[in-house]
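Input: a single structure, listed below in structure tokens.
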Amino acid sequence: MMTKVRITLSGEDPKALESVIGQVRELSTALQMKFHGPVRMPVRRLNIACRRTPCGDGSDTYEIWEKRVSKRLVDIEGDEKYIKQILRIKVPTNVFVKISIS
């Protein structure tokens, strides 16, 4: 029975995302499953501007902090027993994985 799985990877380090995708690609090609992707989604930039002086005295100087979140999508088609093997891949702590099965 063929099952479709969409894996969404997100994290701050794009190299870590690409390494996880490489592991998934190697395993899926070894198990002769259909692999589509990775689809690179736009980078989400989260900006925070805050005052440097906590009391409010002095000139208005601000520090601007930025956090960039990268996101990738991968689609896989194959048997359920092979997909369970793919779901056992070790993922770094800074990569977040969301799996939807259809």
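Every chain in the structure tokens has a letter given in the order shown (A, B, ...), and although residue numbers restart at 1 in each chain, ligands are simply numbered from 1 in the order shown.
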
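Looking only at chain A, the set that DSSP places in helix (DSSP H, G or I) from backbone geometry is Pro14, Lys15, Ala16, Leu17, Glu18, Ser19, Val20, Ile21, Gly22, Gln23, Val24, Arg25, Glu26, Leu27, Ser28, Thr29, Ala30, Glu80, Lys81, Tyr82, Ile83, Lys84, Gln85 and Ile86 of chain A.
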
For this session: Skip Cys50 in chain A itself and residues of its chain fewer than 3 positions away, then list as a ChimeraX atom specification all residues within 9 Å of it, counting only C-alpha atoms.
Result: /A:53,61-65

Any chance you can output those residues with C-alpha atoms as a PDB file, in the first residue's frame?
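Final file, selection_25.pdb:
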ATOM      1  CA  THR A  53      19.298  52.152  28.263  1.00  0.00           C
ATOM      2  CA  THR A  61      19.771  54.408  20.860  1.00  0.00           C
ATOM      3  CA  TYR A  62      18.320  51.076  19.846  1.00  0.00           C
ATOM      4  CA  GLU A  63      19.671  47.575  19.398  1.00  0.00           C
ATOM      5  CA  ILE A  64      18.077  45.512  16.646  1.00  0.00           C
ATOM      6  CA  TRP A  65      18.027  41.716  16.976  1.00  0.00           C
TER       7      TRP A  65
END

Exercise. Quick one: residues within 12 Å of Arg88 in chain A, only C-alpha atoms counted, chain neighbours fewer than 6 positions away excluded, as JSON, numbers by chain?
Worked result: {"A": [20, 23, 24, 27, 81, 82, 97]}

Set the distance at 9 Å and use only C-alpha atoms: which residues neighbour Arg44 in chain A once local chain neighbours fewer than 6 positions away are removed? I'd like the list as a PDB file with C-alpha atoms, in the first residue's frame.
ATOM      1  CA  LYS A  67      16.262  35.741  14.032  1.00  0.00           C
ATOM      2  CA  ARG A  68      16.048  33.930  10.699  1.00  0.00           C
ATOM      3  CA  VAL A  69      13.982  30.760  10.380  1.00  0.00           C
ATOM      4  CA  SER A  70      14.435  28.583   7.274  1.00  0.00           C
ATOM      5  CA  LYS A  71      11.866  26.053   6.143  1.00  0.00           C
TER       6      LYS A  71
END

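Interatomic distance, CA of Arg72 in chain A against CA of Arg6 in chain A: 10.4 Å.
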